[in-house]
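Here's protein.tsv, which has TSV, C-alpha atoms and all ligand atoms:
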chain	number	residue	atom	x	y	z
A	212	MET	CA	164.15	30.43	36.19
A	213	SER	CA	163.05	27.31	34.34
A	214	GLU	CA	162.83	26.65	30.60
A	215	PRO	CA	159.71	27.99	28.90
A	216	GLU	CA	157.29	25.14	28.22
A	217	ARG	CA	154.08	24.79	26.27
A	218	LEU	CA	151.07	25.99	28.26
A	219	GLN	CA	149.15	22.75	27.83
A	220	LYS	CA	152.05	20.85	29.38
A	221	ILE	CA	152.31	23.23	32.33
A	222	LEU	CA	148.56	23.25	33.01
A	223	ALA	CA	148.10	19.50	32.62
A	224	ARG	CA	150.91	18.96	35.11
A	225	ALA	CA	149.24	21.39	37.52
A	226	GLY	CA	146.18	19.11	37.44
A	227	ILE	CA	143.87	21.50	35.56
A	228	ALA	CA	142.86	18.91	32.94
A	229	SER	CA	144.40	16.62	30.34
A	230	ARG	CA	146.61	18.23	27.69
A	231	ARG	CA	143.89	17.83	25.07
A	232	VAL	CA	141.27	19.52	27.23
A	233	VAL	CA	143.72	22.30	28.14
A	234	GLU	CA	144.29	22.90	24.40
A	235	GLU	CA	140.55	23.39	23.98
A	236	MET	CA	140.54	25.78	26.94
A	237	ILE	CA	143.31	27.81	25.30
A	238	GLU	CA	141.38	27.88	21.99
A	239	ASP	CA	138.29	29.04	23.89
A	240	GLY	CA	140.26	31.98	25.32
A	241	ARG	CA	140.00	30.76	28.89
A	242	VAL	CA	143.75	30.90	29.56
A	243	VAL	CA	145.50	34.21	30.21
A	244	VAL	CA	149.25	34.75	30.59
A	245	ASN	CA	150.45	37.97	32.20
A	246	GLY	CA	147.12	39.59	31.44
A	247	GLU	CA	146.99	38.58	27.74
A	248	VAL	CA	144.72	35.86	26.33
A	249	ALA	CA	146.98	32.93	25.44
A	250	GLU	CA	147.28	31.31	22.03
A	251	LEU	CA	147.66	27.64	21.26
A	252	GLY	CA	151.34	26.73	21.05
A	253	GLN	CA	152.39	29.54	23.36
A	254	ARG	CA	155.14	28.83	25.85
A	255	ALA	CA	155.50	30.20	29.36
A	256	ASP	CA	157.89	30.05	32.25
A	257	PRO	CA	156.01	28.67	35.26
A	258	ASP	CA	158.44	30.37	37.64
A	259	VAL	CA	157.86	33.90	36.42
A	260	ASP	CA	154.67	34.09	34.33
A	261	ALA	CA	151.25	34.62	35.93
A	262	ILE	CA	148.94	32.02	34.37
A	263	GLU	CA	145.19	32.25	34.88
A	264	VAL	CA	142.42	29.84	33.93
A	265	ASP	CA	138.90	31.27	33.98
A	266	GLY	CA	140.23	34.28	35.83
A	267	VAL	CA	141.86	32.26	38.61
A	268	LEU	CA	145.60	32.28	39.06
A	269	VAL	CA	146.88	28.71	39.02
A	270	GLY	CA	149.71	27.35	41.07
A	271	VAL	CA	152.00	26.06	38.33
A	272	ARG	CA	155.35	25.76	40.01
A	273	PRO	CA	156.55	22.65	38.20
A	274	ASP	CA	157.57	20.96	41.41
A	275	THR	CA	154.41	21.33	43.50
A	276	VAL	CA	150.85	20.05	43.06
A	277	TRP	CA	147.94	19.97	45.50
A	278	TYR	CA	144.72	18.01	45.03
A	279	LEU	CA	141.58	18.04	47.15
A	280	LEU	CA	139.85	14.66	46.96
A	281	ASN	CA	136.47	13.56	48.25
A	282	LYS	CA	137.48	10.10	49.40
A	283	PRO	CA	134.78	7.47	49.08
A	284	ALA	CA	134.38	4.70	51.67
A	285	GLY	CA	136.39	1.55	50.93
A	286	VAL	CA	139.45	3.35	49.54
A	287	VAL	CA	142.66	3.35	51.60
A	288	SER	CA	144.73	6.51	52.26
A	289	THR	CA	148.11	4.94	51.54
A	290	ALA	CA	150.12	4.84	48.33
A	291	SER	CA	149.75	1.04	48.10
A	292	ASP	CA	147.76	-1.58	49.98
A	293	PRO	CA	149.02	-5.09	50.73
A	294	GLN	CA	145.40	-6.33	50.65
A	295	GLY	CA	144.94	-4.93	47.15
A	296	ARG	CA	142.18	-2.47	48.05
A	297	PRO	CA	141.85	0.65	45.88
A	298	THR	CA	144.02	3.58	47.03
A	299	VAL	CA	143.47	7.34	47.00
A	300	VAL	CA	146.57	7.72	44.82
A	301	GLN	CA	144.79	5.78	42.06
A	302	LEU	CA	142.02	8.40	42.00
A	303	VAL	CA	144.30	11.32	41.00
A	304	PRO	CA	146.79	11.85	38.13
A	305	GLU	CA	149.73	9.46	38.17
A	306	GLU	CA	152.34	12.14	37.46
A	307	PRO	CA	153.81	13.82	39.37
A	308	ARG	CA	153.68	11.30	42.19
A	309	VAL	CA	151.70	12.60	45.16
A	310	PHE	CA	151.04	11.38	48.68
A	311	PRO	CA	148.08	11.79	51.01
A	312	VAL	CA	148.43	14.44	53.71
A	313	GLY	CA	147.59	12.42	56.81
A	314	ARG	CA	145.07	9.60	56.69
A	315	LEU	CA	141.42	8.81	56.78
A	316	ASP	CA	140.36	5.30	57.77
A	317	ALA	CA	139.34	3.10	54.85
A	318	GLU	CA	135.67	3.48	55.83
A	319	THR	CA	135.86	7.26	56.43
A	320	GLU	CA	134.63	9.52	53.64
A	321	GLY	CA	135.33	13.12	52.77
A	322	LEU	CA	138.06	15.61	52.16
A	323	LEU	CA	141.66	14.50	51.84
A	324	LEU	CA	144.61	16.45	50.50
A	325	LEU	CA	147.28	14.94	48.28
A	326	THR	CA	150.52	16.66	47.39
A	327	ASN	CA	154.18	16.27	46.62
A	328	ASP	CA	155.02	19.20	48.92
A	329	GLY	CA	156.70	17.37	51.79
A	330	GLU	CA	157.45	20.45	53.85
A	331	VAL	CA	153.88	21.70	54.12
A	332	THR	CA	152.65	18.08	54.58
A	333	HIS	CA	154.86	17.81	57.62
A	334	ARG	CA	153.46	21.03	59.06
A	335	LEU	CA	149.86	20.07	58.31
A	336	THR	CA	150.12	16.67	59.96
A	337	HIS	CA	152.19	17.66	62.98
A	338	PRO	CA	149.96	17.97	66.08
A	339	SER	CA	151.73	21.11	67.32
A	340	TYR	CA	150.55	22.99	64.22
A	341	GLY	CA	146.94	22.35	65.18
A	342	VAL	CA	145.18	22.54	61.80
A	343	GLU	CA	141.45	22.11	62.43
A	344	LYS	CA	139.64	19.14	60.93
A	345	GLU	CA	135.86	19.06	60.92
A	346	TYR	CA	133.84	15.82	60.79
A	347	LEU	CA	130.22	14.83	60.62
A	348	ALA	CA	129.88	11.74	62.75
A	349	HIS	CA	126.70	9.72	62.31
A	350	VAL	CA	126.43	7.85	65.60
A	351	GLU	CA	124.27	5.26	67.26
A	352	GLY	CA	121.62	6.96	69.39
A	353	THR	CA	121.56	10.66	70.19
A	354	PRO	CA	124.22	11.94	72.59
A	355	ALA	CA	122.87	13.92	75.54
A	356	ARG	CA	124.28	17.32	76.48
A	357	GLY	CA	126.60	15.79	79.07
A	358	ALA	CA	128.08	13.45	76.46
A	359	LEU	CA	128.70	16.34	74.07
A	360	ARG	CA	130.35	18.25	76.92
A	361	ARG	CA	132.74	15.33	77.42
A	362	LEU	CA	133.67	15.47	73.72
A	363	ARG	CA	134.37	19.20	74.09
A	364	GLU	CA	136.30	19.06	77.33
A	365	GLY	CA	138.32	15.92	76.67
A	366	VAL	CA	137.71	12.20	76.59
A	367	GLU	CA	140.01	9.71	78.28
A	368	LEU	CA	141.39	7.39	75.58
A	369	GLU	CA	144.01	4.70	76.01
A	370	ASP	CA	146.66	7.07	74.59
A	371	GLY	CA	145.65	9.96	76.86
A	372	ILE	CA	142.95	12.58	77.22
A	373	THR	CA	141.85	14.39	74.07
A	374	ALA	CA	142.42	18.13	73.63
A	375	PRO	CA	139.45	20.51	73.83
A	376	ALA	CA	137.24	20.13	70.76
A	377	THR	CA	134.07	21.64	69.34
A	378	ALA	CA	131.05	19.34	69.34
A	379	ALA	CA	127.45	20.10	68.41
A	380	MET	CA	124.42	18.11	67.28
A	381	VAL	CA	123.41	19.01	63.73
A	382	SER	CA	120.48	16.60	63.54
A	383	PRO	CA	119.36	13.60	65.59
A	384	GLY	CA	122.27	11.15	65.62
A	385	VAL	CA	124.67	13.44	63.73
A	386	VAL	CA	127.45	15.26	65.59
A	387	ARG	CA	129.69	17.93	64.08
A	388	LEU	CA	133.12	17.59	65.68
A	389	VAL	CA	136.11	19.86	65.15
A	390	ILE	CA	139.46	18.54	66.36
A	391	HIS	CA	143.02	19.60	65.76
A	392	GLU	CA	144.86	16.50	66.84
A	393	GLY	CA	145.37	13.68	64.38
A	394	ARG	CA	145.43	10.54	66.47
A	395	ASN	CA	144.64	7.20	64.94
A	396	ARG	CA	140.85	6.66	64.64
A	397	GLN	CA	140.38	9.56	67.02
A	398	VAL	CA	136.79	10.54	66.23
A	399	ARG	CA	135.62	6.93	66.26
A	400	ARG	CA	137.32	6.33	69.61
A	401	MET	CA	135.96	9.56	71.12
A	402	CYS	CA	132.39	8.70	70.12
A	403	GLU	CA	132.81	5.12	71.31
A	404	ALA	CA	134.07	6.43	74.67
A	405	ILE	CA	130.87	8.43	75.24
A	406	GLY	CA	128.75	5.39	74.36
A	407	HIS	CA	127.73	6.41	70.83
A	408	PRO	CA	129.74	4.41	68.29
A	409	VAL	CA	130.17	5.93	64.82
A	410	VAL	CA	128.21	4.34	62.00
A	411	ARG	CA	129.37	6.76	59.28
A	412	LEU	CA	132.14	9.36	59.34
A	413	VAL	CA	132.66	12.18	56.84
A	414	ARG	CA	135.40	14.83	56.94
A	415	THR	CA	133.89	18.12	55.81
A	416	ARG	CA	136.72	20.62	56.37
A	417	ILE	CA	140.51	20.76	56.57
A	418	GLY	CA	141.62	24.11	58.04
A	419	PRO	CA	140.25	26.69	55.59
A	420	LEU	CA	139.29	24.13	52.91
A	421	VAL	CA	135.70	23.09	52.27
A	422	ASP	CA	134.00	21.85	49.11
A	423	THR	CA	130.44	20.63	49.06
A	424	ALA	CA	130.39	20.27	45.26
A	425	LEU	CA	132.95	17.45	44.97
A	426	GLY	CA	131.19	14.11	44.56
A	427	PRO	CA	132.60	10.89	46.06
A	428	GLY	CA	135.79	9.95	44.20
A	429	GLU	CA	136.09	13.41	42.59
A	430	TRP	CA	139.12	15.64	43.01
A	431	ARG	CA	140.24	19.08	41.94
A	432	PRO	CA	143.50	21.02	42.15
A	433	LEU	CA	143.70	23.60	44.90
A	434	ARG	CA	143.55	27.19	43.78
A	435	GLN	CA	146.57	29.35	44.50
A	436	ASP	CA	144.67	31.28	47.17
A	437	GLU	CA	143.73	28.00	48.87
A	438	VAL	CA	147.36	26.85	48.97
A	439	ARG	CA	148.29	30.16	50.55
A	440	ALA	CA	145.44	29.90	53.08
A	441	LEU	CA	146.55	26.38	53.96
A	442	GLU	CA	150.13	27.51	54.49
A	443	ARG	CA	148.87	30.29	56.75
A	444	ALA	CA	146.76	27.79	58.74
A	445	ALA	CA	149.74	25.50	59.31
A	446	VAL	CA	151.51	27.66	61.87
A	447	PRO	CA	152.62	26.34	65.26
A	448	THR	CA	150.18	26.84	68.12
A	449	PRO	CA	151.82	28.24	71.26
A	450	PRO	CA	152.31	25.66	74.02
A	451	PRO	CA	149.62	25.75	76.74
A	452	THR	CA	150.50	28.12	79.60
B	1	LIG	N1	138.96	10.08	63.06
B	1	LIG	C1	138.64	8.80	62.81
B	1	LIG	O1	138.20	8.09	63.70
B	1	LIG	N2	138.81	8.34	61.56
B	1	LIG	C2	139.26	9.09	60.56
B	1	LIG	O2	139.39	8.61	59.43
B	1	LIG	C3	139.59	10.42	60.83
B	1	LIG	C4	139.43	10.89	62.10
Conversion result in structure tokens:
Amino acid sequence: MSEPERLQKILARAGIASRRVVEEMIEDGRVVVNGEVAELGQRADPDVDAIEVDGVLVGVRPDTVWYLLNKPAGVVSTASDPQGRPTVVQLVPEEPRVFPVGRLDAETEGLLLLTNDGEVTHRLTHPSYGVEKEYLAHVEGTPARGALRRLREGVELEDGITAPATAAMVSPGVVRLVIHEGRNRQVRRMCEAIGHPVVRLVRTRIGPLVDTALGPGEWRPLRQDEVRALERAAVPTPPPT
């Protein structure tokens, strides 16, 4: 059990909003602790108390935070960049320190997770856990059916053939690709290999997580049910027989 702390401190740390905004939320009756509407100044123990905001249970374990970011193009997915480009870490709260879960290329847009939960990060990024990632790839030209079949069945890249994937045209020149490997620049290299280089790449889903309401550069904390769904998705896939 941890020390009881003021609610605004707990909720600000969980990424809900700044302390000042959380205070307003408490005053507006939007925060509930163990089924009772909270009062300003109230303390809670994040390890044992059930804390809800707007009816949604929040993950407030003091040690773990999860953010879902819509990464804009031109921002790098590392904690710091020798070339001085903006980083994804600069787009989310400074404390506690978080790290991106895997990487998107600087020019790739879309969903990226950040957390300080190293154990689940490891599982999510390890290829044998096979978490699905969905991309919309805007490509040069319009791939024919045979080219899409190659994406699905496996494309020979310099680091080996790609695992079976899902590939479908969603509109002329736009392919929806679902992969569960995480090789460097994989989607770009797959599309290049079939003769349709990527001109714009957007990640639209990570395992169970989607969010079409987050604008470029916007982030939000994961809900408790999303963290649980993510943990369930990050289970090892059996080796091929
Ligand atoms: N595949 C790519 O080519 N780039 C990314 O950023 C992610 C997947």
Write out as an mmCIF file with C-alpha atoms, in the frame of the given file which residues come within 12 Å of Leu251 of chain A when counting all atoms listed in the file, dropping same-chain ones fewer than 5 positions away.
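Contents of the output file selection.cif:
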data_model
loop_
_atom_site.group_PDB
_atom_site.id
_atom_site.type_symbol
_atom_site.label_atom_id
_atom_site.label_comp_id
_atom_site.auth_asym_id
_atom_site.auth_seq_id
_atom_site.Cartn_x
_atom_site.Cartn_y
_atom_site.Cartn_z
ATOM 1 C CA ARG A 217 154.080 24.790 26.270
ATOM 2 C CA LEU A 218 151.070 25.990 28.260
ATOM 3 C CA GLN A 219 149.150 22.750 27.830
ATOM 4 C CA LYS A 220 152.050 20.850 29.380
ATOM 5 C CA ARG A 230 146.610 18.230 27.690
ATOM 6 C CA ARG A 231 143.890 17.830 25.070
ATOM 7 C CA VAL A 232 141.270 19.520 27.230
ATOM 8 C CA VAL A 233 143.720 22.300 28.140
ATOM 9 C CA GLU A 234 144.290 22.900 24.400
ATOM 10 C CA GLU A 235 140.550 23.390 23.980
ATOM 11 C CA MET A 236 140.540 25.780 26.940
ATOM 12 C CA ILE A 237 143.310 27.810 25.300
ATOM 13 C CA GLU A 238 141.380 27.880 21.990
ATOM 14 C CA ASP A 239 138.290 29.040 23.890
ATOM 15 C CA GLY A 240 140.260 31.980 25.320
ATOM 16 C CA ARG A 241 140.000 30.760 28.890
ATOM 17 C CA VAL A 242 143.750 30.900 29.560
ATOM 18 C CA VAL A 243 145.500 34.210 30.210
ATOM 19 C CA VAL A 244 149.250 34.750 30.590
#
For this session: For ligand LIG 1 (chain B), list the contacting residues at 6 Å or closer, counting only C-alpha atoms and all ligand atoms, as a list of chain:residue names.
Result: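 Residues satisfying the distance criterion: A:Leu315, A:Asp316, A:Thr319, A:Arg396, A:Gln397, A:Val398, A:Arg399.
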Skip Pro432 of chain A itself and residues of its chain fewer than 4 positions away, then list as a PDB file with C-alpha atoms, in the coordinates of the input all residues within 12 Å of it, counting only C-alpha atoms.
ATOM      1  CA  LEU A 222     148.560  23.250  33.010  1.00  0.00           C
ATOM      2  CA  ALA A 223     148.100  19.500  32.620  1.00  0.00           C
ATOM      3  CA  ARG A 224     150.910  18.960  35.110  1.00  0.00           C
ATOM      4  CA  ALA A 225     149.240  21.390  37.520  1.00  0.00           C
ATOM      5  CA  GLY A 226     146.180  19.110  37.440  1.00  0.00           C
ATOM      6  CA  ILE A 227     143.870  21.500  35.560  1.00  0.00           C
ATOM      7  CA  ALA A 228     142.860  18.910  32.940  1.00  0.00           C
ATOM      8  CA  VAL A 267     141.860  32.260  38.610  1.00  0.00           C
ATOM      9  CA  LEU A 268     145.600  32.280  39.060  1.00  0.00           C
ATOM     10  CA  VAL A 269     146.880  28.710  39.020  1.00  0.00           C
ATOM     11  CA  GLY A 270     149.710  27.350  41.070  1.00  0.00           C
ATOM     12  CA  VAL A 271     152.000  26.060  38.330  1.00  0.00           C
ATOM     13  CA  THR A 275     154.410  21.330  43.500  1.00  0.00           C
ATOM     14  CA  VAL A 276     150.850  20.050  43.060  1.00  0.00           C
ATOM     15  CA  TRP A 277     147.940  19.970  45.500  1.00  0.00           C
ATOM     16  CA  TYR A 278     144.720  18.010  45.030  1.00  0.00           C
ATOM     17  CA  LEU A 279     141.580  18.040  47.150  1.00  0.00           C
ATOM     18  CA  LEU A 280     139.850  14.660  46.960  1.00  0.00           C
ATOM     19  CA  ASN A 281     136.470  13.560  48.250  1.00  0.00           C
ATOM     20  CA  VAL A 303     144.300  11.320  41.000  1.00  0.00           C
ATOM     21  CA  PRO A 304     146.790  11.850  38.130  1.00  0.00           C
ATOM     22  CA  LEU A 323     141.660  14.500  51.840  1.00  0.00           C
ATOM     23  CA  LEU A 324     144.610  16.450  50.500  1.00  0.00           C
ATOM     24  CA  LEU A 325     147.280  14.940  48.280  1.00  0.00           C
ATOM     25  CA  THR A 326     150.520  16.660  47.390  1.00  0.00           C
ATOM     26  CA  LEU A 420     139.290  24.130  52.910  1.00  0.00           C
ATOM     27  CA  ASP A 422     134.000  21.850  49.110  1.00  0.00           C
ATOM     28  CA  LEU A 425     132.950  17.450  44.970  1.00  0.00           C
ATOM     29  CA  ASP A 436     144.670  31.280  47.170  1.00  0.00           C
ATOM     30  CA  GLU A 437     143.730  28.000  48.870  1.00  0.00           C
ATOM     31  CA  VAL A 438     147.360  26.850  48.970  1.00  0.00           C
TER      32      VAL A 438
END
For this session: Mind checking which residues fall within 12 Å of segment 361-373 of chain A, counting only C-alpha atoms, ignoring those fewer than 2 positions away in the same chain, and posting them as JSON, numbers by chain?
Result: {"A": [338, 354, 355, 356, 357, 358, 359, 375, 376, 377, 378, 379, 380, 386, 387, 388, 389, 390, 391, 392, 393, 394, 395, 396, 397, 398, 399, 400, 401, 402, 403, 404, 405, 406, 407]}
Problem set entry | Point-to-point distance in Å for atom CA of Glu320 of chain A and atom CA of Arg414 of chain A | 6.3 Å
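For the atom pair formed by atom CA of Val286 of chain A and atom CA of Glu318 of chain A, the distance is 7.3 Å, given to one decimal.
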For this session: Considering all atoms listed in the file, state which residue in the set A:Arg434, A:Glu343, A:Val312, A:Ala440 is at the smallest distance from Ile262 of chain A.
Result: A:Arg434
